[in-house]
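Colleague: Pasting in a structure now, in structure tokens, and then I'll have a few things to ask.
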Amino acid sequence: MQTSSYETQINHDEKLKHLKKLTAELQRVAEGSHQEQQTSFKLKQIVEELIPAELFNQLQWITDLGQEHGFAIRFDGPQYKKSTPSDNKVVIFRAEMDGIPTIDKQACVKHLCGHDLHMMWASEAFARTVQVLSQLPLSASLILLVQGSEEDGTGMGIAVSDPRFLDWMKDFKHRAVLAGHNSPFYPDGKTVLPANTIAFKAGPISTRVSSFQMSCTEREKQLMILGSKCSITFTGEQSHAANPWNAVNPTRIISTALLEVNKACPEFSILDFEIGQKPIGGGTVFGTTPGVGRLDLAFTGQDKMQESLEQLSHFIGEKVENYNTKNTLGTSLRFHIESENEQKKYTRCSSQIQNIVASISAVLEKAQPHGTIPKLDEKFCSGVINYASGQENFCGLTYRAFEPRIFEENINSLLLIAKESGADTIQEIEPFHANINTPTITQHFKNATETQLIELESGFLWGEDNGFIGEVLNSNQELRDTTDMALNAETLMVIPGSAIGDCPNQPGLHHSGYQDPQYNMARVEVVPNIANAFSKTALAFLNAPFPPPETIQ
């Protein structure tokens, strides 16, 4: 029986309504990296809702991947033969599930990077493809891989190094991974993707990215200061670490003050400072460019505190005004000073961590474009201080570049600066790099996708690649041990243009590269397109009849 276009439209509208409901449920339980317990539980419920009961009961599960909250779900086709792994194929649909802490008044975690949509289209694609594969005589399997902790760059390594997942991978010689990112822009972060399009990338898709945490042990004697406390708070707008030039960032002003405030305002001594915002529940933020900061000082003069505060306000105000004069992002950096009249004893801030932060910040600030190291003049390089604290003697740094030579030279320069400035310990969080080719799956994707496609040119697909599949996949290496965390697989990453039409001044679309969750909700319209494209691409890779039979509910 043929379905009318009217009935098809009703089904489509009902499907979108249902997907928006499920997306809203994911948004309500958004959690930070390493804390995604509720999100994991909710997404498992959503998968159960999307897949018919008789097929859901055939799924195999790995929960608590890497002893965290990620999970993997596997479905084997009717003729899957474990005894002959050389003949078996698998397609992995990959998504992330952590949100990021906001700097707004709500001070909560939100899906500002679109991981709510990533979860939805991966789950929908998995559910669609399971229904088709269940009726095909193929020795093939499907896996839905959901990782946590993409935002700090550690989650994929944690997930795929789980011995249970590695055992699964031994069953397959031919592997493919499909993933995407919610963004209205081309990789330059500025040019808007046309409506109803999907951008995709063949060949290398990953920047080389690494995050470092640095700390120092105060060698000099801690000095107690008697004075009245004064706090300066800075508020701007954060961005993704891949696009530090899109942030209204107080780092440079605070780091300048660390070096100059004693000369400009000698009645004040630095007590403490904080750059960036710690995630709810503790830990350290990596993958974001700060939009907030705080500088604590002690007034140690005997009198004329009001005059000294005015002098301090003038000093900071000049720095902020100069920053805002050059700032073209539409959001101004603001500062506010609060003071106490009561004198107390305070401990002076470590001069070592001040020097580390100020020295690294100076290098990154002078770079063109903002956030790159100028001597190599590489367009797609970025480095950012994610978080720094005088009280904790701690500084977090993320740096990325497409060319390995540029990455090595620049990151070594930055680390040398940190050591010379007083860093005692420098720990690399995760080194992520890969060159991944997509010889056949790209053509499958072209054939399978009805939506208009835009093939991206050479270079990396998206600057914020620290949590993408690139960090654990390498086409030139066989499956190795958990230290290398490599899967030998063909990969494809896509960026969907919105069916509703994206534009830079659309309400809810922030220049920072983050999207308000309500904006993500509007873009649920892209979920069926991506899910359909991924499902057909997967089936083509598995040598399924094409086009596939109409068995999807």
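Chain labels run A, B, ... following the order of the structure tokens; each chain numbers its residues from 1, and ligands are numbered from 1 in the order shown.
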What's around A:Ile51 at 9 Å? Count only C-alpha atoms, leave out sequence neighbours fewer than 2 positions away in its own chain, and write the answer as a list in words.

Modeller: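 In the requested format, the answer is Ile46, Val47, Glu48, Glu49, Ala53, Glu54, Leu55, Phe56, Glu124, Phe126, Ala127, Arg128, Val130, Gln131 and Gln553 of chain A.
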
Colleague: Any chance you could export the current selection's N, CA and C atoms as an mmCIF file, in the first residue's frame?

Modeller:
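Dumped to out-v1.cif:
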data_model
loop_
_atom_site.group_PDB
_atom_site.id
_atom_site.type_symbol
_atom_site.label_atom_id
_atom_site.label_comp_id
_atom_site.auth_asym_id
_atom_site.auth_seq_id
_atom_site.Cartn_x
_atom_site.Cartn_y
_atom_site.Cartn_z
ATOM 1 N N ILE A 46 15.548 6.284 26.273
ATOM 2 C CA ILE A 46 15.186 6.766 24.941
ATOM 3 C C ILE A 46 15.451 5.694 23.890
ATOM 4 N N VAL A 47 16.588 5.009 23.992
ATOM 5 C CA VAL A 47 16.888 3.932 23.051
ATOM 6 C C VAL A 47 15.813 2.847 23.120
ATOM 7 N N GLU A 48 15.410 2.508 24.313
ATOM 8 C CA GLU A 48 14.354 1.498 24.474
ATOM 9 C C GLU A 48 13.053 1.955 23.826
ATOM 10 N N GLU A 49 12.790 3.263 23.884
ATOM 11 C CA GLU A 49 11.568 3.812 23.301
ATOM 12 C C GLU A 49 11.630 3.821 21.777
ATOM 13 N N ALA A 53 10.243 -3.706 20.824
ATOM 14 C CA ALA A 53 10.577 -4.544 21.981
ATOM 15 C C ALA A 53 11.260 -5.837 21.576
ATOM 16 N N GLU A 54 10.793 -6.486 20.473
ATOM 17 C CA GLU A 54 11.373 -7.773 20.107
ATOM 18 C C GLU A 54 12.832 -7.636 19.678
ATOM 19 N N LEU A 55 13.214 -6.466 19.169
ATOM 20 C CA LEU A 55 14.610 -6.222 18.798
ATOM 21 C C LEU A 55 15.411 -5.694 19.984
ATOM 22 N N PHE A 56 14.773 -4.907 20.811
ATOM 23 C CA PHE A 56 15.447 -4.377 21.990
ATOM 24 C C PHE A 56 15.949 -5.504 22.881
ATOM 25 N N GLU A 124 18.796 7.667 16.985
ATOM 26 C CA GLU A 124 17.796 7.480 15.935
ATOM 27 C C GLU A 124 18.382 6.683 14.765
ATOM 28 N N PHE A 126 20.904 4.562 14.888
ATOM 29 C CA PHE A 126 21.086 3.193 15.377
ATOM 30 C C PHE A 126 19.764 2.443 15.351
ATOM 31 N N ALA A 127 18.696 3.075 15.852
ATOM 32 C CA ALA A 127 17.390 2.419 15.914
ATOM 33 C C ALA A 127 16.870 2.093 14.518
ATOM 34 N N ARG A 128 17.002 3.030 13.594
ATOM 35 C CA ARG A 128 16.539 2.792 12.220
ATOM 36 C C ARG A 128 17.298 1.619 11.588
ATOM 37 N N VAL A 130 19.046 -0.820 12.981
ATOM 38 C CA VAL A 130 18.766 -2.110 13.625
ATOM 39 C C VAL A 130 17.535 -2.748 13.000
ATOM 40 N N GLN A 131 16.503 -1.961 12.773
ATOM 41 C CA GLN A 131 15.261 -2.504 12.224
ATOM 42 C C GLN A 131 15.452 -3.061 10.823
ATOM 43 N N GLN A 553 10.088 1.762 11.447
ATOM 44 C CA GLN A 553 8.863 2.283 12.040
ATOM 45 C C GLN A 553 8.989 3.777 12.278
#

Colleague: I'd like the neighbourhood of stretch 93-96 of chain A as a PyMOL selection string, where a residue qualifies if any of its atoms comes within 10 Å (using only C-alpha atoms), though same-chain residues fewer than 4 positions away should be ignored.

Modeller: chain A and resi 70+72-73+114-126+142-151+155-156+176-181+467-469+531+534-535+538

Colleague: So how far away is atom CA of A:Leu19 from atom CA of A:Leu136, in Å?

Modeller: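 Atom-to-atom, atom CA of A:Leu136 to atom CA of A:Leu19, that is 26.9 Å.
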
Colleague: If you run DSSP over the backbone, which residues in stretch 235-357 of chain A end up alpha helix (DSSP H)? Put them as a ChimeraX atom specification.

Modeller: /A:251-264,305-326,351-357

Colleague: Would you write out those residues with C-alpha atoms, as a tab-separated table (two decimals), in the first residue's frame?

Modeller:
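Generated output (selection34.tsv):
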chain	number	residue	atom	x	y	z
A	251	THR	CA	42.69	36.48	31.11
A	252	ARG	CA	45.07	39.05	29.66
A	253	ILE	CA	43.79	41.89	31.88
A	254	ILE	CA	44.14	39.78	35.02
A	255	SER	CA	47.59	38.50	34.02
A	256	THR	CA	48.73	42.07	33.26
A	257	ALA	CA	47.46	43.16	36.66
A	258	LEU	CA	49.44	40.34	38.29
A	259	LEU	CA	52.62	41.93	36.97
A	260	GLU	CA	51.81	45.63	37.09
A	261	VAL	CA	49.34	46.36	39.86
A	262	ASN	CA	52.05	46.70	42.53
A	263	LYS	CA	53.77	49.41	40.50
A	264	ALA	CA	50.61	51.21	39.40
A	305	MET	CA	41.78	53.87	51.09
A	306	GLN	CA	39.08	55.55	48.99
A	307	GLU	CA	41.65	57.45	46.94
A	308	SER	CA	43.63	54.26	46.42
A	309	LEU	CA	40.49	52.40	45.32
A	310	GLU	CA	39.80	55.12	42.76
A	311	GLN	CA	43.36	54.80	41.49
A	312	LEU	CA	42.92	51.02	41.25
A	313	SER	CA	39.60	51.43	39.46
A	314	HIS	CA	41.21	53.80	36.98
A	315	PHE	CA	44.07	51.35	36.33
A	316	ILE	CA	41.74	48.40	35.70
A	317	GLY	CA	39.25	50.58	33.83
A	318	GLU	CA	41.89	51.65	31.31
A	319	LYS	CA	42.78	48.02	30.60
A	320	VAL	CA	39.12	47.05	30.17
A	321	GLU	CA	38.35	50.07	28.00
A	322	ASN	CA	41.30	49.29	25.75
A	323	TYR	CA	40.12	45.68	25.47
A	324	ASN	CA	36.55	46.71	24.63
A	325	THR	CA	37.75	49.23	22.03
A	326	LYS	CA	39.35	46.38	20.07
A	351	SER	CA	54.51	34.75	42.74
A	352	GLN	CA	55.41	31.62	40.76
A	353	ILE	CA	51.90	30.88	39.54
A	354	GLN	CA	51.48	34.59	38.77
A	355	ASN	CA	54.54	34.45	36.53
A	356	ILE	CA	53.40	31.27	34.77
A	357	VAL	CA	49.96	32.66	33.95

Colleague: For the structure I just gave you, how does DSSP split stretch 91-267 of chain A - specifically, which residues are strand (DSSP E)? Reply as an MDAnalysis selection string.

Modeller: chainID A and resid 91:96 100:101 109:110 140:147 174:180 197:201 208:215 224:235 239:240

Colleague: Restricting the calculation to only C-alpha atoms, which member of A:Glu525, A:Pro244, A:Ala358, A:Thr288 is positioned closest to A:Ile417?

Modeller: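 Once distances to A:Ile417 are computed over only C-alpha atoms, the minimum belongs to A:Ala358.
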
Colleague: How many Å separate atom CA of A:Val384 from atom CA of A:Arg348?

Modeller: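 That distance, rounded to one decimal, is 26.0 Å.
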